[in-house]
file input-v4.cif (mmCIF, all heavy atoms)
data_start
loop_
_atom_site.label_atom_id
_atom_site.label_comp_id
_atom_site.auth_asym_id
_atom_site.auth_seq_id
_atom_site.Cartn_x
_atom_site.Cartn_y
_atom_site.Cartn_z
N MET A 1166 -44.57 26.22 18.10
CA MET A 1166 -43.13 26.54 18.17
C MET A 1166 -42.36 25.32 18.65
O MET A 1166 -42.86 24.52 19.44
CB MET A 1166 -42.89 27.70 19.15
CG MET A 1166 -43.65 28.96 18.73
SD MET A 1166 -43.16 30.37 19.71
CE MET A 1166 -41.59 30.73 18.94
N LYS A 1167 -41.15 25.17 18.16
CA LYS A 1167 -40.35 24.00 18.53
C LYS A 1167 -39.81 24.13 19.95
O LYS A 1167 -39.46 25.21 20.39
CB LYS A 1167 -39.16 23.86 17.57
CG LYS A 1167 -39.61 23.52 16.15
CD LYS A 1167 -38.41 23.36 15.26
CE LYS A 1167 -38.82 23.02 13.84
NZ LYS A 1167 -37.65 22.91 12.96
N GLU A 1168 -39.74 23.00 20.62
CA GLU A 1168 -39.14 23.00 21.96
C GLU A 1168 -37.63 23.14 21.81
O GLU A 1168 -37.04 22.66 20.85
CB GLU A 1168 -39.46 21.69 22.68
CG GLU A 1168 -40.93 21.52 23.00
CD GLU A 1168 -41.38 22.48 24.08
OE1 GLU A 1168 -40.56 22.84 24.93
OE2 GLU A 1168 -42.54 22.87 24.06
N LYS A 1169 -37.01 23.80 22.80
CA LYS A 1169 -35.57 24.04 22.69
C LYS A 1169 -34.76 22.85 23.18
O LYS A 1169 -33.55 22.87 23.14
CB LYS A 1169 -35.18 25.28 23.52
CG LYS A 1169 -35.40 26.56 22.75
CD LYS A 1169 -34.70 27.72 23.42
CE LYS A 1169 -34.80 28.98 22.57
NZ LYS A 1169 -34.06 30.09 23.18
N GLU A 1170 -35.41 21.79 23.68
CA GLU A 1170 -34.69 20.63 24.18
C GLU A 1170 -34.32 19.72 23.02
O GLU A 1170 -35.17 19.02 22.47
CB GLU A 1170 -35.55 19.88 25.20
CG GLU A 1170 -35.75 20.67 26.48
CD GLU A 1170 -36.57 19.91 27.48
OE1 GLU A 1170 -36.97 18.77 27.17
OE2 GLU A 1170 -36.79 20.45 28.57
N GLU A 1171 -33.07 19.74 22.63
CA GLU A 1171 -32.60 18.86 21.56
C GLU A 1171 -31.63 17.86 22.15
O GLU A 1171 -30.93 18.16 23.12
CB GLU A 1171 -31.90 19.68 20.47
CG GLU A 1171 -32.90 20.54 19.69
CD GLU A 1171 -32.21 21.28 18.57
OE1 GLU A 1171 -31.02 21.61 18.71
OE2 GLU A 1171 -32.85 21.54 17.54
N PRO A 1172 -31.55 16.66 21.56
CA PRO A 1172 -30.63 15.64 22.09
C PRO A 1172 -29.18 16.11 22.07
O PRO A 1172 -28.46 15.94 23.04
CB PRO A 1172 -30.82 14.46 21.15
CG PRO A 1172 -31.87 14.83 20.16
CD PRO A 1172 -32.38 16.21 20.47
N GLU A 1173 -28.76 16.68 20.95
CA GLU A 1173 -27.37 17.16 20.88
C GLU A 1173 -27.38 18.68 20.89
O GLU A 1173 -27.98 19.31 20.03
CB GLU A 1173 -26.68 16.63 19.63
CG GLU A 1173 -27.56 16.70 18.39
CD GLU A 1173 -26.84 16.15 17.18
OE1 GLU A 1173 -25.61 16.02 17.25
OE2 GLU A 1173 -27.48 15.87 16.17
N LYS A 1174 -26.70 19.26 21.88
CA LYS A 1174 -26.66 20.72 21.98
C LYS A 1174 -25.62 21.27 21.01
O LYS A 1174 -24.43 20.96 21.12
CB LYS A 1174 -26.32 21.14 23.41
CG LYS A 1174 -27.56 21.28 24.27
CD LYS A 1174 -27.20 21.91 25.61
CE LYS A 1174 -28.43 22.10 26.48
NZ LYS A 1174 -28.07 22.71 27.77
N ARG A 1175 -26.08 22.10 20.08
CA ARG A 1175 -25.14 22.72 19.14
C ARG A 1175 -24.84 24.13 19.64
O ARG A 1175 -25.70 24.99 19.61
CB ARG A 1175 -25.77 22.80 17.74
CG ARG A 1175 -26.34 21.47 17.29
CD ARG A 1175 -26.75 21.53 15.85
NE ARG A 1175 -28.02 22.23 15.68
CZ ARG A 1175 -28.56 22.47 14.48
NH1 ARG A 1175 -27.95 22.10 13.39
NH2 ARG A 1175 -29.71 23.11 14.38
N ARG A 1176 -23.62 24.34 20.12
CA ARG A 1176 -23.26 25.68 20.58
C ARG A 1176 -22.30 26.33 19.60
O ARG A 1176 -21.42 27.09 19.97
CB ARG A 1176 -22.64 25.64 21.98
CG ARG A 1176 -21.51 24.63 22.11
CD ARG A 1176 -21.06 24.54 23.56
NE ARG A 1176 -19.86 23.71 23.68
CZ ARG A 1176 -18.62 24.19 23.54
NH1 ARG A 1176 -18.44 25.45 23.27
NH2 ARG A 1176 -17.60 23.38 23.67
N GLU A 1177 -22.51 26.05 18.31
CA GLU A 1177 -21.65 26.64 17.30
C GLU A 1177 -22.02 28.09 17.05
O GLU A 1177 -21.19 28.89 16.66
CB GLU A 1177 -21.74 25.84 15.99
CG GLU A 1177 -23.19 25.48 15.63
CD GLU A 1177 -23.23 24.57 14.42
OE1 GLU A 1177 -22.30 24.64 13.62
OE2 GLU A 1177 -24.20 23.80 14.28
N ASN A 1178 -23.31 28.42 17.27
CA ASN A 1178 -23.74 29.79 17.03
C ASN A 1178 -24.27 30.42 18.31
O ASN A 1178 -25.46 30.34 18.59
CB ASN A 1178 -24.86 29.80 15.97
CG ASN A 1178 -24.29 29.61 14.57
OD1 ASN A 1178 -23.18 29.14 14.41
ND2 ASN A 1178 -25.06 29.98 13.57
N PRO A 1179 -23.40 31.03 19.12
CA PRO A 1179 -23.91 31.76 20.29
C PRO A 1179 -24.65 33.02 19.88
O PRO A 1179 -25.53 33.49 20.59
CB PRO A 1179 -22.65 32.08 21.10
CG PRO A 1179 -21.53 32.06 20.11
CD PRO A 1179 -21.94 31.07 19.03
N ILE A 1180 -24.28 33.57 18.72
CA ILE A 1180 -24.93 34.80 18.25
C ILE A 1180 -26.38 34.50 17.88
O ILE A 1180 -27.25 35.34 18.06
CB ILE A 1180 -24.16 35.37 17.04
CG1 ILE A 1180 -22.71 35.61 17.41
CG2 ILE A 1180 -24.82 36.66 16.55
CD1 ILE A 1180 -21.87 36.10 16.25
N PHE A 1181 -26.65 33.28 17.40
CA PHE A 1181 -28.01 32.91 17.02
C PHE A 1181 -28.92 32.92 18.24
O PHE A 1181 -30.03 33.45 18.20
CB PHE A 1181 -28.01 31.53 16.37
CG PHE A 1181 -29.39 31.08 15.95
CD1 PHE A 1181 -30.02 31.69 14.88
CD2 PHE A 1181 -30.03 30.07 16.63
CE1 PHE A 1181 -31.29 31.30 14.49
CE2 PHE A 1181 -31.30 29.66 16.24
CZ PHE A 1181 -31.92 30.27 15.18
N THR A 1182 -28.45 32.36 19.36
CA THR A 1182 -29.27 32.35 20.58
C THR A 1182 -29.48 33.76 21.08
O THR A 1182 -30.56 34.12 21.55
CB THR A 1182 -28.61 31.49 21.67
OG1 THR A 1182 -27.27 31.96 21.88
CG2 THR A 1182 -28.55 30.04 21.25
N ILE A 1183 -28.45 34.61 20.97
CA ILE A 1183 -28.59 36.01 21.40
C ILE A 1183 -29.66 36.69 20.54
O ILE A 1183 -30.49 37.44 21.04
CB ILE A 1183 -27.23 36.73 21.28
CG1 ILE A 1183 -26.25 36.15 22.31
CG2 ILE A 1183 -27.41 38.24 21.49
CD1 ILE A 1183 -24.84 36.71 22.16
N TRP A 1184 -29.64 36.41 19.23
CA TRP A 1184 -30.64 37.00 18.34
C TRP A 1184 -32.04 36.52 18.70
O TRP A 1184 -33.01 37.27 18.66
CB TRP A 1184 -30.33 36.67 16.88
CG TRP A 1184 -29.52 37.74 16.21
CD1 TRP A 1184 -28.22 37.65 15.82
CD2 TRP A 1184 -29.96 39.05 15.85
NE1 TRP A 1184 -27.83 38.83 15.25
CE2 TRP A 1184 -28.87 39.71 15.25
CE3 TRP A 1184 -31.16 39.73 15.97
CZ2 TRP A 1184 -28.97 41.02 14.78
CZ3 TRP A 1184 -31.26 41.03 15.52
CH2 TRP A 1184 -30.18 41.67 14.91
N VAL A 1185 -32.15 35.22 19.06
CA VAL A 1185 -33.47 34.67 19.42
C VAL A 1185 -33.99 35.35 20.67
O VAL A 1185 -35.15 35.77 20.74
CB VAL A 1185 -33.38 33.15 19.63
CG1 VAL A 1185 -34.66 32.61 20.27
CG2 VAL A 1185 -33.12 32.45 18.30
N HIS A 1186 -33.13 35.49 21.70
CA HIS A 1186 -33.56 36.15 22.93
C HIS A 1186 -33.91 37.61 22.67
O HIS A 1186 -34.86 38.14 23.24
CB HIS A 1186 -32.46 36.05 23.99
CG HIS A 1186 -32.36 34.67 24.58
ND1 HIS A 1186 -33.35 34.15 25.39
CD2 HIS A 1186 -31.41 33.70 24.48
CE1 HIS A 1186 -32.99 32.92 25.76
NE2 HIS A 1186 -31.83 32.63 25.23
N THR A 1187 -33.12 38.27 21.81
CA THR A 1187 -33.41 39.67 21.50
C THR A 1187 -34.76 39.79 20.79
O THR A 1187 -35.56 40.67 21.09
CB THR A 1187 -32.30 40.25 20.60
OG1 THR A 1187 -31.03 40.06 21.25
CG2 THR A 1187 -32.51 41.74 20.35
N GLY A 1188 -35.03 38.86 19.87
CA GLY A 1188 -36.31 38.88 19.18
C GLY A 1188 -37.47 38.68 20.14
O GLY A 1188 -38.49 39.34 20.04
N TYR A 1189 -37.28 37.73 21.09
CA TYR A 1189 -38.33 37.50 22.09
C TYR A 1189 -38.56 38.75 22.92
O TYR A 1189 -39.70 39.14 23.17
CB TYR A 1189 -37.91 36.34 23.01
CG TYR A 1189 -38.75 35.10 22.79
CD1 TYR A 1189 -38.28 34.05 22.00
CD2 TYR A 1189 -40.00 35.00 23.38
CE1 TYR A 1189 -39.04 32.93 21.81
CE2 TYR A 1189 -40.78 33.87 23.20
CZ TYR A 1189 -40.29 32.83 22.41
OH TYR A 1189 -41.04 31.72 22.21
N ALA A 1190 -37.48 39.41 23.36
CA ALA A 1190 -37.62 40.61 24.19
C ALA A 1190 -38.32 41.72 23.39
O ALA A 1190 -39.20 42.40 23.91
CB ALA A 1190 -36.24 41.08 24.67
N VAL A 1191 -37.94 41.89 22.12
CA VAL A 1191 -38.56 42.94 21.30
C VAL A 1191 -40.04 42.64 21.10
O VAL A 1191 -40.87 43.54 21.16
CB VAL A 1191 -37.82 43.04 19.95
CG1 VAL A 1191 -38.62 43.90 18.97
CG2 VAL A 1191 -36.43 43.62 20.16
N LEU A 1192 -40.37 41.36 20.89
CA LEU A 1192 -41.77 40.99 20.67
C LEU A 1192 -42.59 41.28 21.92
O LEU A 1192 -43.68 41.89 21.84
CB LEU A 1192 -41.85 39.51 20.33
CG LEU A 1192 -43.28 38.98 20.11
CD1 LEU A 1192 -43.89 39.60 18.87
CD2 LEU A 1192 -43.27 37.46 20.00
N ILE A 1193 -42.10 40.88 23.09
CA ILE A 1193 -42.84 41.10 24.33
C ILE A 1193 -42.96 42.59 24.61
O ILE A 1193 -44.02 43.09 24.98
CB ILE A 1193 -42.15 40.36 25.49
CG1 ILE A 1193 -42.23 38.84 25.28
CG2 ILE A 1193 -42.79 40.74 26.83
CD1 ILE A 1193 -41.40 38.06 26.28
N LEU A 1194 -41.87 43.34 24.42
CA LEU A 1194 -41.91 44.78 24.69
C LEU A 1194 -42.86 45.47 23.72
O LEU A 1194 -43.58 46.39 24.10
CB LEU A 1194 -40.51 45.38 24.56
CG LEU A 1194 -39.59 45.06 25.75
CD1 LEU A 1194 -38.20 45.63 25.50
CD2 LEU A 1194 -40.16 45.66 27.03
N SER A 1195 -42.89 45.01 22.47
CA SER A 1195 -43.79 45.64 21.50
C SER A 1195 -45.24 45.36 21.86
O SER A 1195 -46.10 46.23 21.73
CB SER A 1195 -43.48 45.13 20.09
OG SER A 1195 -43.74 43.74 20.00
N MET A 1196 -45.54 44.13 22.33
CA MET A 1196 -46.92 43.83 22.72
C MET A 1196 -47.33 44.66 23.93
O MET A 1196 -48.43 45.20 23.98
CB MET A 1196 -47.05 42.33 23.05
CG MET A 1196 -46.94 41.46 21.81
SD MET A 1196 -47.80 39.89 22.01
CE MET A 1196 -47.11 39.32 23.56
N ILE A 1197 -46.43 44.78 24.92
CA ILE A 1197 -46.74 45.58 26.10
C ILE A 1197 -46.92 47.05 25.70
O ILE A 1197 -47.85 47.73 26.14
CB ILE A 1197 -45.63 45.43 27.16
CG1 ILE A 1197 -45.63 44.00 27.71
CG2 ILE A 1197 -45.84 46.43 28.30
CD1 ILE A 1197 -44.47 43.74 28.66
N GLY A 1198 -46.03 47.53 24.85
CA GLY A 1198 -46.13 48.91 24.39
C GLY A 1198 -47.42 49.15 23.62
O GLY A 1198 -48.05 50.19 23.76
N TRP A 1199 -47.85 48.16 22.82
CA TRP A 1199 -49.09 48.31 22.08
C TRP A 1199 -50.28 48.36 23.03
O TRP A 1199 -51.20 49.16 22.85
CB TRP A 1199 -49.24 47.14 21.10
CG TRP A 1199 -50.55 47.15 20.36
CD1 TRP A 1199 -51.59 46.30 20.53
CD2 TRP A 1199 -50.95 48.09 19.34
NE1 TRP A 1199 -52.61 46.65 19.67
CE2 TRP A 1199 -52.25 47.73 18.94
CE3 TRP A 1199 -50.32 49.19 18.75
CZ2 TRP A 1199 -52.94 48.45 17.95
CZ3 TRP A 1199 -51.02 49.90 17.77
CH2 TRP A 1199 -52.30 49.53 17.38
N MET A 1200 -50.27 47.52 24.08
CA MET A 1200 -51.37 47.54 25.04
C MET A 1200 -51.41 48.89 25.77
O MET A 1200 -52.48 49.47 25.96
CB MET A 1200 -51.20 46.39 26.04
CG MET A 1200 -51.68 45.06 25.47
SD MET A 1200 -51.83 43.79 26.71
CE MET A 1200 -50.13 43.23 26.82
N VAL A 1201 -50.24 49.38 26.18
CA VAL A 1201 -50.20 50.68 26.86
C VAL A 1201 -50.68 51.78 25.92
O VAL A 1201 -51.42 52.68 26.32
CB VAL A 1201 -48.78 50.96 27.37
CG1 VAL A 1201 -48.67 52.39 27.90
CG2 VAL A 1201 -48.42 49.96 28.48
N TYR A 1202 -50.25 51.70 24.65
CA TYR A 1202 -50.67 52.72 23.68
C TYR A 1202 -52.19 52.71 23.50
O TYR A 1202 -52.83 53.76 23.46
CB TYR A 1202 -49.97 52.45 22.34
CG TYR A 1202 -50.44 53.33 21.22
CD1 TYR A 1202 -50.08 54.68 21.17
CD2 TYR A 1202 -51.25 52.82 20.20
CE1 TYR A 1202 -50.50 55.49 20.14
CE2 TYR A 1202 -51.69 53.63 19.18
CZ TYR A 1202 -51.33 54.96 19.14
OH TYR A 1202 -51.75 55.77 18.13
N MET A 1203 -52.78 51.52 23.42
CA MET A 1203 -54.23 51.43 23.28
C MET A 1203 -54.92 51.97 24.53
O MET A 1203 -55.95 52.62 24.44
CB MET A 1203 -54.65 49.97 23.03
CG MET A 1203 -54.21 49.46 21.66
SD MET A 1203 -54.95 50.39 20.30
CE MET A 1203 -56.65 49.83 20.44
N GLU A 1204 -54.33 51.68 25.71
CA GLU A 1204 -54.93 52.17 26.95
C GLU A 1204 -54.97 53.70 26.95
O GLU A 1204 -55.95 54.31 27.35
CB GLU A 1204 -54.11 51.68 28.15
CG GLU A 1204 -54.39 50.23 28.48
CD GLU A 1204 -55.64 50.08 29.36
OE1 GLU A 1204 -55.95 51.02 30.09
OE2 GLU A 1204 -56.30 49.03 29.27
N PHE A 1205 -53.87 54.34 26.50
CA PHE A 1205 -53.83 55.79 26.50
C PHE A 1205 -54.60 56.40 25.33
O PHE A 1205 -55.10 57.50 25.40
CB PHE A 1205 -52.37 56.27 26.45
CG PHE A 1205 -51.71 56.29 27.80
CD1 PHE A 1205 -50.82 55.30 28.16
CD2 PHE A 1205 -51.99 57.30 28.71
CE1 PHE A 1205 -50.21 55.30 29.41
CE2 PHE A 1205 -51.39 57.31 29.95
CZ PHE A 1205 -50.50 56.32 30.31
N PHE A 1206 -54.68 55.65 24.20
CA PHE A 1206 -55.33 56.19 23.02
C PHE A 1206 -56.84 56.14 23.13
O PHE A 1206 -57.53 57.08 22.76
CB PHE A 1206 -54.86 55.43 21.78
CG PHE A 1206 -55.30 56.07 20.49
CD1 PHE A 1206 -54.75 57.27 20.08
CD2 PHE A 1206 -56.27 55.48 19.70
CE1 PHE A 1206 -55.14 57.87 18.90
CE2 PHE A 1206 -56.68 56.08 18.51
CZ PHE A 1206 -56.11 57.27 18.11
N MET A 1207 -57.38 55.05 23.67
CA MET A 1207 -58.84 54.90 23.77
C MET A 1207 -59.37 55.79 24.89
O MET A 1207 -58.75 55.90 25.93
CB MET A 1207 -59.20 53.44 24.06
CG MET A 1207 -58.64 52.49 23.02
SD MET A 1207 -59.55 52.48 21.47
CE MET A 1207 -61.00 51.60 21.98
#

call {"tool": "encode", "arguments": {"input": "input-v4.cif", "output": "structure tokens"}}
result
Amino acid sequence: MKEKEEPEKRRENPIFTIWVHTGYAVLILSMIGWMVYMEFFM
């Protein structure tokens, strides 16, 4: 994955960063939910 440190900060799309953070949160929550589901299912 690319590092977020870029020489020139482009803040033209604040919605893009919000989408990135939302995607990260959904990914982490889905992984945690999957682990909990496996714990209860097995």

call {"tool": "atom_distance", "arguments": {"input": "input-v4.cif", "atom1": "atom C of His1186 in chain A", "atom2": "CG of Glu1204 in chain A"}}
result
24.7 Å

call {"tool": "atom_distance", "arguments": {"input": "input-v4.cif", "atom1": "CG of Met1207 in chain A", "atom2": "atom N of Tyr1189 in chain A"}}
result
26.0 Å

call {"tool": "atom_distance", "arguments": {"input": "input-v4.cif", "atom1": "CD1 of Phe1181 in chain A", "atom2": "CD1 of Leu1194 in chain A"}}
result
19.3 Å
